[in-house]
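Data block for work.cif (mmCIF, C-alpha atoms and all ligand atoms):
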data_final
#
loop_
_atom_site.label_atom_id
_atom_site.label_comp_id
_atom_site.auth_asym_id
_atom_site.auth_seq_id
_atom_site.Cartn_x
_atom_site.Cartn_y
_atom_site.Cartn_z
CA MET N 1 48.97 -55.75 38.80
CA PRO N 2 49.01 -53.35 35.81
CA ILE N 3 47.22 -54.81 32.80
CA LYS N 4 50.41 -54.79 30.71
CA THR N 5 52.27 -56.83 33.33
CA ALA N 6 49.30 -59.17 33.56
CA ILE N 7 49.35 -59.62 29.81
CA ALA N 8 53.05 -60.44 29.81
CA ALA N 9 52.66 -62.83 32.75
CA GLY N 10 49.65 -64.44 31.12
CA VAL N 11 51.48 -65.16 27.90
CA VAL N 12 54.39 -66.68 29.79
CA LEU N 13 51.99 -68.88 31.70
CA VAL N 14 50.28 -70.04 28.54
CA LEU N 15 53.68 -71.17 27.31
CA LEU N 16 54.44 -72.93 30.59
CA LEU N 17 51.09 -74.62 30.92
CA GLY N 18 50.69 -75.47 27.31
CA VAL N 19 53.24 -78.22 26.92
CA ALA N 20 50.67 -80.39 25.23
CA ALA N 21 48.30 -78.68 22.87
CA SER N 22 44.97 -80.36 22.41
CA ARG N 23 42.38 -80.65 19.71
CA ALA N 24 38.68 -81.00 20.13
CA ALA N 25 39.01 -84.08 17.97
CA ASP N 26 41.16 -85.63 20.71
CA PRO N 27 38.95 -85.73 23.82
CA GLY N 28 41.77 -87.14 25.99
CA ALA N 29 44.09 -84.21 25.31
CA LEU N 30 41.28 -81.71 25.76
CA GLU N 31 40.40 -83.30 29.08
CA LYS N 32 44.01 -82.94 30.22
CA GLU N 33 44.08 -79.24 29.32
CA ALA N 34 40.67 -78.73 30.94
CA ALA N 35 42.00 -80.29 34.17
CA LYS N 36 45.00 -77.91 34.13
CA GLN N 37 42.62 -75.00 33.63
CA GLU N 38 40.45 -76.19 36.50
CA ALA N 39 43.55 -76.24 38.73
CA VAL N 40 44.10 -72.55 37.87
CA TYR N 41 40.50 -71.73 38.89
CA GLN N 42 40.84 -73.64 42.14
CA SER N 43 44.33 -72.32 42.99
CA ARG N 44 44.66 -70.47 46.28
CA GLY N 45 47.33 -68.41 48.05
CA GLU N 46 50.84 -68.93 46.74
CA ASN N 47 49.59 -71.40 44.14
CA VAL N 48 47.61 -68.77 42.20
CA PRO N 49 49.57 -68.30 38.95
CA ALA N 50 51.03 -64.80 38.57
CA GLY N 51 49.00 -64.10 35.43
CA TYR N 52 45.69 -65.00 37.10
CA VAL N 53 44.62 -61.62 38.47
CA VAL N 54 41.47 -61.78 40.60
CA ASP N 55 41.45 -58.47 42.45
CA ARG N 56 41.24 -55.62 39.96
CA SER N 57 39.66 -52.48 41.35
CA LEU N 58 36.86 -50.49 39.74
CA LEU N 59 39.46 -47.92 38.69
CA ALA N 60 41.37 -50.70 36.91
CA TYR N 61 38.14 -51.74 35.18
CA ALA N 62 37.48 -48.16 34.07
CA SER N 63 41.00 -47.87 32.73
CA ALA N 64 41.14 -51.26 30.97
CA LEU N 65 37.60 -51.57 29.53
CA PRO N 66 36.43 -49.54 26.51
CA PRO N 67 35.66 -45.85 27.06
CA GLY N 68 32.05 -45.45 28.07
CA PHE N 69 32.03 -48.09 30.79
CA GLY N 70 32.37 -45.50 33.59
CA ASP N 71 29.47 -43.45 32.23
CA SER N 72 27.28 -46.51 31.69
CA LEU N 73 27.85 -47.53 35.31
CA ALA N 74 27.24 -44.03 36.66
CA LYS N 75 23.96 -43.82 34.75
CA LEU N 76 22.49 -46.93 36.39
CA GLY N 77 19.66 -46.30 38.82
CA PRO N 78 18.21 -48.39 41.66
CA ALA N 79 15.94 -50.34 39.29
CA ASP N 80 18.90 -51.44 37.12
CA ARG N 81 21.24 -54.44 37.35
CA TRP N 82 24.97 -54.85 36.59
CA LEU N 83 26.51 -58.27 35.92
CA ASP N 84 30.29 -58.71 36.13
CA ILE N 85 31.15 -62.02 34.45
CA GLY N 86 34.38 -63.49 35.78
CA ALA N 87 34.50 -61.20 38.77
CA GLY N 88 37.26 -62.94 40.75
CA GLU N 89 37.05 -61.44 44.25
CA GLY N 90 34.37 -59.00 43.09
CA LYS N 91 36.47 -55.99 44.05
CA ALA N 92 35.08 -53.80 41.24
CA VAL N 93 31.55 -54.39 42.54
CA LEU N 94 32.65 -53.60 46.11
CA ASP N 95 34.32 -50.38 44.95
CA TYR N 96 31.05 -49.32 43.29
CA TYR N 97 29.42 -49.50 46.72
CA ALA N 98 32.28 -47.78 48.58
CA PRO N 99 31.86 -44.14 49.78
CA ARG N 100 34.76 -43.14 47.52
CA TYR N 101 32.63 -43.92 44.45
CA ASP N 102 29.97 -41.49 45.68
CA SER N 103 32.49 -38.75 46.31
CA MET N 104 33.83 -39.20 42.78
CA HIS N 105 30.31 -39.25 41.28
CA PRO N 106 28.34 -36.66 43.28
CA GLN N 107 25.48 -36.76 40.74
CA ARG N 108 25.00 -40.46 41.50
CA ARG N 109 24.78 -40.44 45.30
CA GLY N 110 22.06 -42.54 46.83
CA LYS N 111 20.69 -45.92 46.01
CA LYS N 112 22.69 -47.88 43.48
CA ALA N 113 21.89 -50.51 40.91
CA ARG N 114 21.93 -54.13 42.07
CA ALA N 115 25.11 -55.94 41.11
CA VAL N 116 25.94 -59.59 40.50
CA ALA N 117 29.53 -60.83 40.56
CA MET N 118 29.92 -64.18 38.77
CA SER N 119 32.90 -66.50 39.11
CA ILE N 120 33.46 -70.21 38.53
CA GLU N 121 35.26 -70.51 41.85
CA ASP N 122 34.26 -68.84 45.11
CA ARG N 123 36.74 -66.03 45.77
CA ARG N 124 34.66 -64.05 48.21
CA THR N 125 36.74 -62.16 50.76
CA PRO N 126 35.89 -60.96 54.29
CA ARG N 127 35.36 -57.51 52.69
CA TRP N 128 32.76 -59.01 50.34
CA ASN N 129 30.86 -60.65 53.21
CA GLU N 130 30.95 -57.52 55.38
CA THR N 131 29.73 -55.29 52.54
CA ALA N 132 26.96 -57.71 51.53
CA GLN N 133 25.74 -57.84 55.15
CA SER N 134 25.74 -54.07 55.46
CA LEU N 135 23.55 -53.62 52.36
CA GLU N 136 19.95 -54.52 51.63
CA LEU N 137 19.33 -58.14 50.69
CA ASP N 138 20.23 -58.79 47.02
CA GLN N 139 21.96 -55.42 46.49
CA ILE N 140 25.12 -57.36 45.70
CA THR N 141 25.14 -61.08 44.97
CA TYR N 142 28.02 -63.47 44.31
CA TRP N 143 27.20 -66.37 41.97
CA PHE N 144 29.74 -69.18 41.82
CA GLY N 145 30.03 -72.88 40.99
CA ARG N 146 28.91 -72.56 37.37
CA ARG N 147 29.98 -71.02 34.10
CA MET N 148 27.95 -68.33 32.34
CA ARG N 149 26.57 -70.83 29.83
CA GLU N 150 25.22 -73.01 32.66
CA TYR N 151 22.71 -70.41 33.85
CA SER N 152 19.26 -70.39 32.29
CA ALA N 153 17.72 -67.19 30.93
CA GLN N 154 15.26 -67.24 33.86
CA GLU N 155 18.03 -67.53 36.44
CA LEU N 156 19.99 -64.71 34.86
CA GLY N 157 17.15 -62.28 34.30
CA ARG N 158 18.00 -59.02 32.53
CA PHE N 159 20.91 -56.65 33.07
CA GLN N 160 21.34 -53.09 31.80
CA LEU N 161 25.14 -53.40 32.03
CA ILE N 162 27.42 -56.43 31.66
CA THR N 163 31.21 -56.39 32.03
CA ASP N 164 33.85 -59.04 31.52
CA LEU N 165 37.49 -58.19 32.23
CA THR N 166 39.51 -61.31 31.42
CA GLY N 167 36.57 -63.44 32.56
CA GLY N 168 34.37 -65.82 30.56
CA PHE N 169 34.88 -64.00 27.25
CA SER N 170 38.61 -64.74 27.50
CA TYR N 171 38.30 -68.20 29.07
CA ALA N 172 35.16 -69.89 27.64
CA ARG N 173 35.65 -72.97 25.51
CA GLN N 174 32.16 -72.55 24.06
CA LEU N 175 32.51 -68.94 23.02
CA SER N 176 29.38 -68.76 20.86
CA VAL N 177 27.22 -70.25 23.63
CA PHE N 178 28.83 -67.81 26.07
CA MET N 179 27.87 -64.90 23.77
CA GLU N 180 24.31 -66.22 23.34
CA ARG N 181 23.80 -66.31 27.11
CA THR N 182 25.45 -62.93 27.66
CA LEU N 183 23.56 -61.06 24.96
CA GLY N 184 20.37 -62.91 25.92
CA ALA N 185 20.73 -61.52 29.46
CA LEU N 186 21.37 -57.98 28.21
CA ASP N 187 18.42 -55.62 28.25
CA LEU N 188 17.48 -53.74 25.10
CA ASP N 189 19.82 -50.74 24.79
CA GLY N 190 22.07 -52.30 27.45
CA ASN N 191 25.85 -52.45 27.00
CA PHE N 192 28.41 -55.25 27.26
CA TYR N 193 32.02 -54.11 27.80
CA THR N 194 34.89 -56.54 27.40
CA LEU N 195 38.33 -57.05 25.84
CA LEU N 196 40.68 -59.71 24.55
CA LEU N 197 44.41 -59.90 25.18
CA ASP N 198 46.61 -61.09 22.33
CA VAL N 199 44.09 -61.04 19.54
CA LEU N 200 44.45 -59.68 16.02
CA PRO N 201 42.55 -56.36 16.07
CA GLU N 202 40.15 -55.48 13.27
CA LYS N 203 42.23 -52.43 12.40
CA ALA N 204 45.61 -54.21 12.19
CA ALA N 205 46.89 -54.87 8.66
CA GLY N 206 47.65 -58.51 9.44
CA PRO N 207 49.41 -60.87 11.88
CA SER N 208 52.79 -59.58 10.69
CA THR N 209 51.97 -56.26 12.44
CA TYR N 210 52.78 -58.17 15.65
CA PRO N 211 55.71 -60.42 14.68
CA ASP N 212 56.33 -61.57 18.28
CA ALA N 213 52.71 -62.15 19.26
CA LEU N 214 51.26 -65.47 20.26
CA PHE N 215 47.58 -64.96 19.50
CA LEU N 216 45.43 -66.43 22.24
CA THR N 217 42.06 -66.30 20.51
CA GLU N 218 41.75 -67.08 16.80
CA ILE N 219 38.81 -67.91 14.58
CA HIS N 220 39.05 -69.58 11.18
CA SER N 221 36.47 -70.11 8.49
CA ALA N 222 35.61 -73.63 7.32
CA GLY N 223 38.09 -73.03 4.48
CA GLY N 224 40.87 -72.06 6.92
CA ALA N 225 40.83 -68.28 6.38
CA ASN N 226 41.45 -66.08 9.39
CA VAL N 227 38.25 -64.44 10.65
CA ARG N 228 38.90 -61.55 13.04
CA VAL N 229 37.07 -61.79 16.34
CA CYS N 230 35.62 -58.35 15.65
CA SER N 231 34.14 -59.53 12.31
CA TRP N 232 32.60 -62.54 14.02
CA LEU N 233 31.07 -60.29 16.69
CA LYS N 234 29.75 -57.96 13.99
CA SER N 235 28.03 -60.91 12.32
CA ILE N 236 25.81 -61.34 15.42
CA SER N 237 22.36 -59.93 14.80
CA CYS N 238 20.73 -57.27 17.00
CA VAL N 239 23.98 -55.84 18.42
CA GLU N 240 25.94 -52.75 17.52
CA VAL N 241 29.60 -53.61 17.98
CA SER N 242 32.60 -51.34 18.30
CA CYS N 243 36.13 -52.74 18.29
CA GLU N 244 39.11 -50.58 19.17
CA PRO N 245 42.74 -51.59 19.56
CA ASP N 246 44.18 -50.60 22.93
CA ALA N 247 46.67 -47.96 21.80
CA ARG N 248 48.40 -47.99 25.22
CA SER N 249 49.47 -51.61 24.92
CA THR N 250 52.45 -52.85 22.95
CA ARG N 251 50.73 -56.23 22.69
CA PRO N 252 47.66 -56.69 20.50
CA VAL N 253 44.70 -55.99 22.76
CA GLU N 254 41.23 -55.21 21.42
CA LEU N 255 38.44 -53.50 23.35
CA TYR N 256 34.82 -54.38 22.59
CA ARG N 257 31.61 -52.57 23.32
CA MET N 258 28.33 -54.19 22.30
CA ARG N 259 24.95 -52.49 22.54
CA LYS N 260 21.83 -54.61 22.17
CA THR N 261 19.53 -53.09 19.56
CA CYS N 262 16.74 -55.70 19.23
CA GLY N 263 15.62 -58.94 20.79
CA ASN N 264 16.36 -61.39 18.01
CA VAL N 265 20.03 -62.11 18.80
CA ALA N 266 21.53 -64.89 16.65
CA VAL N 267 25.17 -65.82 17.28
CA PRO N 268 27.01 -67.71 14.49
CA SER N 269 28.24 -70.89 16.14
CA LEU N 270 31.90 -71.59 16.79
CA GLU N 271 33.49 -74.99 17.20
CA LEU N 272 36.55 -75.36 19.46
CA VAL N 273 39.35 -77.02 17.50
CA HIS N 274 42.38 -76.30 19.65
CA TYR N 275 42.77 -75.48 23.34
CA ARG N 276 45.62 -74.97 25.73
CA ALA N 277 45.23 -74.08 29.42
CA GLY N 278 46.57 -70.70 30.52
CA THR N 279 45.81 -67.30 31.96
CA PRO N 280 43.99 -66.76 29.65
CA PRO N 281 44.00 -70.03 27.69
CA LEU N 282 44.89 -70.35 24.02
CA ARG N 283 41.79 -71.06 21.92
CA ARG N 284 41.27 -71.79 18.25
CA PHE N 285 37.76 -71.85 16.87
CA ARG N 286 36.22 -72.73 13.52
CA VAL N 287 33.06 -71.04 12.33
CA GLY N 288 30.47 -73.79 12.48
CA ARG N 289 27.98 -74.69 9.83
CA PRO N 290 24.55 -73.14 10.34
CA SER N 291 22.15 -75.55 12.06
CA TRP N 292 19.90 -75.78 8.97
CA GLU N 293 22.87 -77.25 7.06
CA ILE N 294 23.64 -79.80 9.78
CA ASP N 295 20.00 -80.91 9.89
CA GLN N 296 20.07 -82.06 6.26
C1 LIG N 301 41.56 -63.78 35.74
S1 LIG N 301 40.09 -63.77 36.74
C2 LIG N 301 39.54 -62.11 36.44
C3 LIG N 301 38.90 -61.53 37.68
C4 LIG N 301 38.45 -60.06 37.61
N1 LIG N 301 37.69 -59.76 36.44
C5 LIG N 301 39.64 -59.13 37.71
O1 LIG N 301 39.98 -58.54 36.69
O2 LIG N 301 40.20 -59.01 38.80
C6 LIG N 301 38.99 -64.77 35.75
C7 LIG N 301 37.58 -64.92 36.29
O3 LIG N 301 36.75 -65.41 35.25
C8 LIG N 301 35.95 -66.47 35.73
N2 LIG N 301 35.50 -67.26 34.57
C9 LIG N 301 36.26 -67.90 33.64
N3 LIG N 301 35.45 -68.48 32.72
C10 LIG N 301 34.18 -68.18 33.06
C11 LIG N 301 32.91 -68.48 32.50
N4 LIG N 301 32.80 -69.21 31.38
N5 LIG N 301 31.80 -68.03 33.13
C12 LIG N 301 31.91 -67.28 34.27
N6 LIG N 301 33.09 -66.96 34.84
C13 LIG N 301 34.20 -67.40 34.24
C14 LIG N 301 36.85 -67.15 36.74
O4 LIG N 301 36.16 -68.00 37.56
C15 LIG N 301 37.42 -65.92 37.44
O5 LIG N 301 36.50 -65.42 38.38
#
Rewrite the structure from the file as structure tokens, please.
Amino acid sequence: MPIKTAIAAGVVLVLLLGVAASRAADPGALEKEAAKQEAVYQSRGENVPAGYVVDRSLLAYASALPPGFGDSLAKLGPADRWLDIGAGEGKAVLDYYAPRYDSMHPQRRGKKARAVAMSIEDRRTPRWNETAQSLELDQITYWFGRRMREYSAQELGRFQLITDLTGGFSYARQLSVFMERTLGALDLDGNFYTLLLDVLPEKAAGPSTYPDALFLTEIHSAGGANVRVCSWLKSISCVEVSCEPDARSTRPVELYRMRKTCGNVAVPSLELVHYRAGTPPLRRFRVGRPSWEIDQ
């Protein structure tokens, strides 16, 4: 499904699913929304909501993610690792191993980087199993049953490239913990490519630029001021962040590239204050107080 159609379908689904909005302060309501979200993850066949796309190709990744992703992938060598967070069926990883990739990247023929596809639910296909069996052990791995934040640093190891196309970055309820884990698993000089659908881009004048938009991810300061997602990302230490609006989309979509520049990554914490299940869900966060303040 083209990304624009997916965006439109996703927004409709948020509206359909989100009859009851929930607040973190109301654990019952949050639980209800979390159960609806879980049903989306576990949906199969005809029950998979239209906006929940799980089979994007590598070409779709290259077209949707920020420029540079294709080059970063092509530069990986056999000693490197690529993690795709929220991989769905893992089609992008399979395409990387397909002969067509080699014919399109003649300079990169031969042994590839190892790749890990991560998904909450197991969406492996017969094609995944056949490809995994035809390759060396651990060339491609499918991790499922847990969220990104539930893996320890040791389990994750280090990756030279991390991608997330409408995966955990769009779905996580603990976004700051998600970012800590992701950037923690990124090797020095490694890149993380991702995007957000229906978010206020750094370069937009204000929400009125998109009068019909329902913003899916919003951050507010303790005083209630709107903090752009890009500004929050730029406040993370040891990463160089670039944020670009997706000029091809009529909806507000922002593309993010993060390069790790040093080891001391510190992610300003976010507290979830509002959550509604969807594809992706609607999330409102508040910038949390620094831990030294809470300790007093
Ligand atoms: C809409 S699908 C996207 C699949 C794939 N990227 C594509 O474009 O075809 C969302 C994926 O994100 C995964 N996901 C959501 N939240 C996650 C999290 N916190 N950690 C890891 N995976 C997550 C889901 O399990 C699912 O595999």
Skipping near chain neighbours, those fewer than 2 positions away, what residues fall within 8 Å of stretch 254-265 of chain N using all atoms listed in the file, listed as a ChimeraX atom specification?
/N:65-66,180,183-184,186-197,199-201,236-246,252,267
Chain N near ligand LIG 301 (chain N) within 9 Å: what's each residue's closest atom pair and its distance in Å to one decimal, counting all atoms listed in the file, ordered by chain then ascending residue number, as JSON lines?
{"residue": "N:Tyr41", "atom": "CA", "partner": "N:LIG301", "partner_atom": "O4", "distance": 5.9}
{"residue": "N:Gln42", "atom": "CA", "partner": "N:LIG301", "partner_atom": "O4", "distance": 8.6}
{"residue": "N:Gly51", "atom": "CA", "partner": "N:LIG301", "partner_atom": "C1", "distance": 7.5}
{"residue": "N:Tyr52", "atom": "CA", "partner": "N:LIG301", "partner_atom": "C1", "distance": 4.5}
{"residue": "N:Val53", "atom": "CA", "partner": "N:LIG301", "partner_atom": "C1", "distance": 4.6}
{"residue": "N:Val54", "atom": "CA", "partner": "N:LIG301", "partner_atom": "O2", "distance": 3.5}
{"residue": "N:Asp55", "atom": "CA", "partner": "N:LIG301", "partner_atom": "O2", "distance": 3.9}
{"residue": "N:Arg56", "atom": "CA", "partner": "N:LIG301", "partner_atom": "O2", "distance": 3.7}
{"residue": "N:Ser57", "atom": "CA", "partner": "N:LIG301", "partner_atom": "O2", "distance": 7.0}
{"residue": "N:Ala60", "atom": "CA", "partner": "N:LIG301", "partner_atom": "O1", "distance": 8.0}
{"residue": "N:Tyr61", "atom": "CA", "partner": "N:LIG301", "partner_atom": "O1", "distance": 7.2}
{"residue": "N:Asp84", "atom": "CA", "partner": "N:LIG301", "partner_atom": "N1", "distance": 7.5}
{"residue": "N:Ile85", "atom": "CA", "partner": "N:LIG301", "partner_atom": "C12", "distance": 5.3}
{"residue": "N:Gly86", "atom": "CA", "partner": "N:LIG301", "partner_atom": "O3", "distance": 3.1}
{"residue": "N:Ala87", "atom": "CA", "partner": "N:LIG301", "partner_atom": "N1", "distance": 4.2}
{"residue": "N:Gly88", "atom": "CA", "partner": "N:LIG301", "partner_atom": "O5", "distance": 3.5}
{"residue": "N:Glu89", "atom": "CA", "partner": "N:LIG301", "partner_atom": "O2", "distance": 6.7}
{"residue": "N:Gly90", "atom": "CA", "partner": "N:LIG301", "partner_atom": "C4", "distance": 6.9}
{"residue": "N:Lys91", "atom": "CA", "partner": "N:LIG301", "partner_atom": "O2", "distance": 7.1}
{"residue": "N:Ala92", "atom": "CA", "partner": "N:LIG301", "partner_atom": "O2", "distance": 7.7}
{"residue": "N:Ala117", "atom": "CA", "partner": "N:LIG301", "partner_atom": "O5", "distance": 8.6}
{"residue": "N:Met118", "atom": "CA", "partner": "N:LIG301", "partner_atom": "N6", "distance": 5.8}
{"residue": "N:Ser119", "atom": "CA", "partner": "N:LIG301", "partner_atom": "O5", "distance": 3.8}
{"residue": "N:Ile120", "atom": "CA", "partner": "N:LIG301", "partner_atom": "O4", "distance": 3.6}
{"residue": "N:Glu121", "atom": "CA", "partner": "N:LIG301", "partner_atom": "O4", "distance": 5.1}
{"residue": "N:Asp122", "atom": "CA", "partner": "N:LIG301", "partner_atom": "O4", "distance": 7.8}
{"residue": "N:Arg123", "atom": "CA", "partner": "N:LIG301", "partner_atom": "O5", "distance": 7.4}
{"residue": "N:Phe144", "atom": "CA", "partner": "N:LIG301", "partner_atom": "O4", "distance": 7.8}
{"residue": "N:Gly145", "atom": "CA", "partner": "N:LIG301", "partner_atom": "O4", "distance": 8.6}
{"residue": "N:Arg146", "atom": "CA", "partner": "N:LIG301", "partner_atom": "C12", "distance": 6.8}
{"residue": "N:Arg147", "atom": "CA", "partner": "N:LIG301", "partner_atom": "N5", "distance": 3.6}
{"residue": "N:Met148", "atom": "CA", "partner": "N:LIG301", "partner_atom": "N5", "distance": 3.9}
{"residue": "N:Arg149", "atom": "CA", "partner": "N:LIG301", "partner_atom": "N4", "distance": 6.6}
{"residue": "N:Glu150", "atom": "CA", "partner": "N:LIG301", "partner_atom": "N5", "distance": 8.3}
{"residue": "N:Thr163", "atom": "CA", "partner": "N:LIG301", "partner_atom": "N1", "distance": 8.5}
{"residue": "N:Asp164", "atom": "CA", "partner": "N:LIG301", "partner_atom": "N1", "distance": 6.3}
{"residue": "N:Leu165", "atom": "CA", "partner": "N:LIG301", "partner_atom": "N1", "distance": 4.5}
{"residue": "N:Thr166", "atom": "CA", "partner": "N:LIG301", "partner_atom": "C2", "distance": 5.1}
{"residue": "N:Gly167", "atom": "CA", "partner": "N:LIG301", "partner_atom": "O3", "distance": 3.3}
{"residue": "N:Gly168", "atom": "CA", "partner": "N:LIG301", "partner_atom": "C10", "distance": 3.4}
{"residue": "N:Phe169", "atom": "CA", "partner": "N:LIG301", "partner_atom": "N4", "distance": 7.0}
{"residue": "N:Ser170", "atom": "CA", "partner": "N:LIG301", "partner_atom": "N3", "distance": 7.2}
{"residue": "N:Tyr171", "atom": "CA", "partner": "N:LIG301", "partner_atom": "N3", "distance": 4.6}
{"residue": "N:Ala172", "atom": "CA", "partner": "N:LIG301", "partner_atom": "N4", "distance": 4.5}
{"residue": "N:Arg173", "atom": "CA", "partner": "N:LIG301", "partner_atom": "N4", "distance": 7.5}
{"residue": "N:Gln174", "atom": "CA", "partner": "N:LIG301", "partner_atom": "N4", "distance": 8.1}
{"residue": "N:Leu175", "atom": "CA", "partner": "N:LIG301", "partner_atom": "N4", "distance": 8.4}
{"residue": "N:Phe178", "atom": "CA", "partner": "N:LIG301", "partner_atom": "N4", "distance": 6.8}
{"residue": "N:Thr279", "atom": "CA", "partner": "N:LIG301", "partner_atom": "C1", "distance": 6.7}
{"residue": "N:Pro280", "atom": "CA", "partner": "N:LIG301", "partner_atom": "C1", "distance": 7.2}
With C-alpha atoms retained, could you export that selection as a PDB file, in the frame of the given file?
ATOM      1  CA  TYR N  41      40.500 -71.730  38.890  1.00  0.00           C
ATOM      2  CA  GLN N  42      40.840 -73.640  42.140  1.00  0.00           C
ATOM      3  CA  GLY N  51      49.000 -64.100  35.430  1.00  0.00           C
ATOM      4  CA  TYR N  52      45.690 -65.000  37.100  1.00  0.00           C
ATOM      5  CA  VAL N  53      44.620 -61.620  38.470  1.00  0.00           C
ATOM      6  CA  VAL N  54      41.470 -61.780  40.600  1.00  0.00           C
ATOM      7  CA  ASP N  55      41.450 -58.470  42.450  1.00  0.00           C
ATOM      8  CA  ARG N  56      41.240 -55.620  39.960  1.00  0.00           C
ATOM      9  CA  SER N  57      39.660 -52.480  41.350  1.00  0.00           C
ATOM     10  CA  ALA N  60      41.370 -50.700  36.910  1.00  0.00           C
ATOM     11  CA  TYR N  61      38.140 -51.740  35.180  1.00  0.00           C
ATOM     12  CA  ASP N  84      30.290 -58.710  36.130  1.00  0.00           C
ATOM     13  CA  ILE N  85      31.150 -62.020  34.450  1.00  0.00           C
ATOM     14  CA  GLY N  86      34.380 -63.490  35.780  1.00  0.00           C
ATOM     15  CA  ALA N  87      34.500 -61.200  38.770  1.00  0.00           C
ATOM     16  CA  GLY N  88      37.260 -62.940  40.750  1.00  0.00           C
ATOM     17  CA  GLU N  89      37.050 -61.440  44.250  1.00  0.00           C
ATOM     18  CA  GLY N  90      34.370 -59.000  43.090  1.00  0.00           C
ATOM     19  CA  LYS N  91      36.470 -55.990  44.050  1.00  0.00           C
ATOM     20  CA  ALA N  92      35.080 -53.800  41.240  1.00  0.00           C
ATOM     21  CA  ALA N 117      29.530 -60.830  40.560  1.00  0.00           C
ATOM     22  CA  MET N 118      29.920 -64.180  38.770  1.00  0.00           C
ATOM     23  CA  SER N 119      32.900 -66.500  39.110  1.00  0.00           C
ATOM     24  CA  ILE N 120      33.460 -70.210  38.530  1.00  0.00           C
ATOM     25  CA  GLU N 121      35.260 -70.510  41.850  1.00  0.00           C
ATOM     26  CA  ASP N 122      34.260 -68.840  45.110  1.00  0.00           C
ATOM     27  CA  ARG N 123      36.740 -66.030  45.770  1.00  0.00           C
ATOM     28  CA  PHE N 144      29.740 -69.180  41.820  1.00  0.00           C
ATOM     29  CA  GLY N 145      30.030 -72.880  40.990  1.00  0.00           C
ATOM     30  CA  ARG N 146      28.910 -72.560  37.370  1.00  0.00           C
ATOM     31  CA  ARG N 147      29.980 -71.020  34.100  1.00  0.00           C
ATOM     32  CA  MET N 148      27.950 -68.330  32.340  1.00  0.00           C
ATOM     33  CA  ARG N 149      26.570 -70.830  29.830  1.00  0.00           C
ATOM     34  CA  GLU N 150      25.220 -73.010  32.660  1.00  0.00           C
ATOM     35  CA  THR N 163      31.210 -56.390  32.030  1.00  0.00           C
ATOM     36  CA  ASP N 164      33.850 -59.040  31.520  1.00  0.00           C
ATOM     37  CA  LEU N 165      37.490 -58.190  32.230  1.00  0.00           C
ATOM     38  CA  THR N 166      39.510 -61.310  31.420  1.00  0.00           C
ATOM     39  CA  GLY N 167      36.570 -63.440  32.560  1.00  0.00           C
ATOM     40  CA  GLY N 168      34.370 -65.820  30.560  1.00  0.00           C
ATOM     41  CA  PHE N 169      34.880 -64.000  27.250  1.00  0.00           C
ATOM     42  CA  SER N 170      38.610 -64.740  27.500  1.00  0.00           C
ATOM     43  CA  TYR N 171      38.300 -68.200  29.070  1.00  0.00           C
ATOM     44  CA  ALA N 172      35.160 -69.890  27.640  1.00  0.00           C
ATOM     45  CA  ARG N 173      35.650 -72.970  25.510  1.00  0.00           C
ATOM     46  CA  GLN N 174      32.160 -72.550  24.060  1.00  0.00           C
ATOM     47  CA  LEU N 175      32.510 -68.940  23.020  1.00  0.00           C
ATOM     48  CA  PHE N 178      28.830 -67.810  26.070  1.00  0.00           C
ATOM     49  CA  THR N 279      45.810 -67.300  31.960  1.00  0.00           C
ATOM     50  CA  PRO N 280      43.990 -66.760  29.650  1.00  0.00           C
TER      51      PRO N 280
END
With all atoms listed in the file as the basis for distance, which of N:Arg114, N:Lys36, N:Arg44, N:His220 is at the shortest distance from N:Gly288?
N:His220
Interatomic distance (Å, one decimal) between atom CA of N:Ala213 and atom CA of N:Asp198
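The value is 6.9 Å.
If all atoms listed in the file are the atoms counted, then among N:Ala98, N:Ala29, N:Leu161, N:Val177 the closest residue to N:Lys75 is N:Leu161.
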Would you mind reading off the distance between atom CA of N:Cys230 and atom CA of N:Pro211, one decimal, in Å?
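Pair atom CA of N:Cys230 / atom CA of N:Pro211 returns 20.2 Å.
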Quick one: distance from atom CA of N:Pro126 to atom CA of N:Asp138 in Å, one decimal?
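Taking atom CA of N:Pro126 as the start and atom CA of N:Asp138 as the end point, the length is 17.4 Å.
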List the residues sitting within 10 Å of (33.8, -47.9, 43.0) in the file's frame, using all atoms listed in the file, as a VMD selection string.
chain N and resid 57 to 59 61 to 62 70 73 to 74 91 to 105
From the set N:Val253, N:Ala277, N:Met179, N:Leu156, which residue has the shortest atom-to-atom contact distance to N:Glu38, counting only C-alpha atoms?
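The answer is N:Ala277, which sits nearest to N:Glu38.
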Excluding same-chain residues fewer than 6 positions from N:Pro78, what lies within 12 Å of it counting all atoms listed in the file, as a ChimeraX atom specification?
/N:108-115,136,138-139,160
Keeping C-alpha atoms, export the residues of the selection given above as an mmCIF file, in the coordinates of the input.
data_model
loop_
_atom_site.group_PDB
_atom_site.id
_atom_site.type_symbol
_atom_site.label_atom_id
_atom_site.label_comp_id
_atom_site.auth_asym_id
_atom_site.auth_seq_id
_atom_site.Cartn_x
_atom_site.Cartn_y
_atom_site.Cartn_z
ATOM 1 C CA ARG N 108 25.000 -40.460 41.500
ATOM 2 C CA ARG N 109 24.780 -40.440 45.300
ATOM 3 C CA GLY N 110 22.060 -42.540 46.830
ATOM 4 C CA LYS N 111 20.690 -45.920 46.010
ATOM 5 C CA LYS N 112 22.690 -47.880 43.480
ATOM 6 C CA ALA N 113 21.890 -50.510 40.910
ATOM 7 C CA ARG N 114 21.930 -54.130 42.070
ATOM 8 C CA ALA N 115 25.110 -55.940 41.110
ATOM 9 C CA GLU N 136 19.950 -54.520 51.630
ATOM 10 C CA ASP N 138 20.230 -58.790 47.020
ATOM 11 C CA GLN N 139 21.960 -55.420 46.490
ATOM 12 C CA GLN N 160 21.340 -53.090 31.800
#
